[in-house]
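Q: If it helps, the file is called upload_24.txt and holds compact mmCIF, C-alpha atoms:
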# COMPACT_ATOMS: atom_id res chain seq x y z
CA MET V 1 -124.38 149.95 -54.48
CA LYS V 2 -123.92 146.93 -56.75
CA ILE V 3 -123.59 144.30 -54.01
CA LYS V 4 -126.82 145.40 -52.34
CA ALA V 5 -128.65 145.18 -55.68
CA GLU V 6 -127.27 141.69 -56.27
CA ARG V 7 -128.36 140.57 -52.79
CA LYS V 8 -131.87 141.85 -53.47
CA LYS V 9 -131.96 140.09 -56.84
CA LEU V 10 -130.84 136.79 -55.29
CA GLY V 11 -133.33 137.18 -52.45
CA ALA V 12 -136.17 137.78 -54.90
CA ARG V 13 -135.18 134.64 -56.80
CA ILE V 14 -135.14 132.56 -53.61
CA THR V 15 -138.58 133.92 -52.71
CA ALA V 16 -139.97 133.13 -56.16
CA LEU V 17 -138.63 129.57 -56.06
CA ARG V 18 -139.96 129.03 -52.54
CA LEU V 19 -143.42 130.19 -53.59
CA GLU V 20 -143.33 128.07 -56.77
CA LYS V 21 -142.63 125.03 -54.60
CA GLY V 22 -145.45 126.02 -52.23
CA LEU V 23 -143.12 126.17 -49.24
CA THR V 24 -143.44 128.38 -46.19
CA HIS V 25 -140.43 130.15 -44.71
CA GLU V 26 -140.46 127.59 -41.92
CA GLN V 27 -140.49 124.60 -44.27
CA LEU V 28 -137.67 125.87 -46.47
CA ALA V 29 -135.57 126.98 -43.53
CA GLU V 30 -135.91 123.53 -41.96
CA GLN V 31 -135.03 121.74 -45.20
CA ALA V 32 -131.97 123.96 -45.73
CA GLY V 33 -130.84 123.94 -42.10
CA LEU V 34 -131.30 127.68 -41.61
CA PHE V 35 -133.08 129.76 -39.00
CA VAL V 36 -136.36 131.24 -40.25
CA GLY V 37 -135.24 134.79 -39.49
CA GLU V 38 -132.03 134.24 -41.43
CA LEU V 39 -133.98 133.02 -44.47
CA ILE V 40 -136.30 136.02 -44.31
CA ARG V 41 -133.33 138.41 -44.16
CA LEU V 42 -131.73 136.62 -47.12
CA GLU V 43 -134.94 136.90 -49.13
CA LYS V 44 -135.11 140.63 -48.39
CA GLY V 45 -131.48 141.08 -49.47
CA ARG V 46 -130.37 142.28 -46.06
CA ASN V 47 -127.71 139.64 -45.39
CA ASN V 48 -124.83 138.22 -47.37
CA ILE V 49 -125.22 134.52 -47.98
CA LYS V 50 -122.55 131.93 -47.25
CA LEU V 51 -121.75 129.50 -50.04
CA ASN V 52 -122.75 126.47 -47.94
CA ASP V 53 -126.12 128.12 -47.14
CA LEU V 54 -126.68 128.92 -50.82
CA THR V 55 -125.88 125.33 -51.72
CA ALA V 56 -128.28 124.03 -49.05
CA LEU V 57 -131.05 126.34 -50.29
CA ALA V 58 -130.49 125.29 -53.89
CA GLN V 59 -130.68 121.63 -52.92
CA ALA V 60 -133.83 122.18 -50.86
CA LEU V 61 -135.42 124.04 -53.80
CA GLY V 62 -134.30 121.45 -56.36
CA VAL V 63 -132.23 123.85 -58.44
CA THR V 64 -128.59 124.24 -59.39
CA ILE V 65 -126.34 127.24 -58.86
CA GLU V 66 -125.08 128.94 -62.00
CA LEU V 67 -122.39 131.56 -62.04
CA ALA V 68 -122.69 134.23 -64.69
Take the structure in this file and express it as structure tokens.
A:
Amino acid sequence: MKIKAERKKLGARITALRLEKGLTHEQLAEQAGLFVGELIRLEKGRNNIKLNDLTALAQALGVTIELA
């Protein structure tokens, strides 16, 4: 299923950026205003992400959102 693959791809990118910044799940979740469990599920591609949560994560990670 295409949507599931895209969620996994996005989750892997969030994980990679978090690790590059040296952040724990707890630190990133706090900076983005998310629950830790929610962040973990997003990184694993299990949950759909809301636009405002994606924006908050991008800001916390110091990146911009690009639409392909």
Q: Quick one: pull the distance between CA of Asp53 (chain V) and CA of Ala29 (chain V), Å, one decimal.
A: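 A separation of 10.2 Å between them.
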Q: Which one is closest to Leu42 (chain V): V:Leu54, V:Ala60, V:Leu19, V:Ile3? Count only C-alpha atoms.
A: V:Leu54
Q: So that I can check the surroundings of Ala32 (chain V), please list as an mmCIF file with C-alpha atoms, keeping the file's coordinate frame every protein, DNA and RNA residue that reaches within 12 Å of it, counting all atoms listed in the file and ignoring chain neighbours fewer than 4 positions away.
A:
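Result saved to around24.cif:
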data_model
loop_
_atom_site.group_PDB
_atom_site.id
_atom_site.type_symbol
_atom_site.label_atom_id
_atom_site.label_comp_id
_atom_site.auth_asym_id
_atom_site.auth_seq_id
_atom_site.Cartn_x
_atom_site.Cartn_y
_atom_site.Cartn_z
ATOM 1 C CA ARG V 18 -139.960 129.030 -52.540
ATOM 2 C CA LEU V 23 -143.120 126.170 -49.240
ATOM 3 C CA HIS V 25 -140.430 130.150 -44.710
ATOM 4 C CA GLU V 26 -140.460 127.590 -41.920
ATOM 5 C CA GLN V 27 -140.490 124.600 -44.270
ATOM 6 C CA LEU V 28 -137.670 125.870 -46.470
ATOM 7 C CA VAL V 36 -136.360 131.240 -40.250
ATOM 8 C CA GLU V 38 -132.030 134.240 -41.430
ATOM 9 C CA LEU V 39 -133.980 133.020 -44.470
ATOM 10 C CA ASN V 52 -122.750 126.470 -47.940
ATOM 11 C CA ASP V 53 -126.120 128.120 -47.140
ATOM 12 C CA LEU V 54 -126.680 128.920 -50.820
ATOM 13 C CA THR V 55 -125.880 125.330 -51.720
ATOM 14 C CA ALA V 56 -128.280 124.030 -49.050
ATOM 15 C CA LEU V 57 -131.050 126.340 -50.290
ATOM 16 C CA ALA V 58 -130.490 125.290 -53.890
ATOM 17 C CA GLN V 59 -130.680 121.630 -52.920
ATOM 18 C CA ALA V 60 -133.830 122.180 -50.860
ATOM 19 C CA LEU V 61 -135.420 124.040 -53.800
ATOM 20 C CA GLY V 62 -134.300 121.450 -56.360
#
Q: Could you check which of V:Arg46, V:Gly37, V:Thr64, V:Leu51 is closest to Glu6 (chain V), using only C-alpha atoms?
A: V:Arg46
Q: Could you tell me how far CA of Val63 (chain V) sits from CA of Lys2 (chain V), in Å to one decimal place?
A: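 CA of Val63 (chain V) lies 24.6 Å from CA of Lys2 (chain V).
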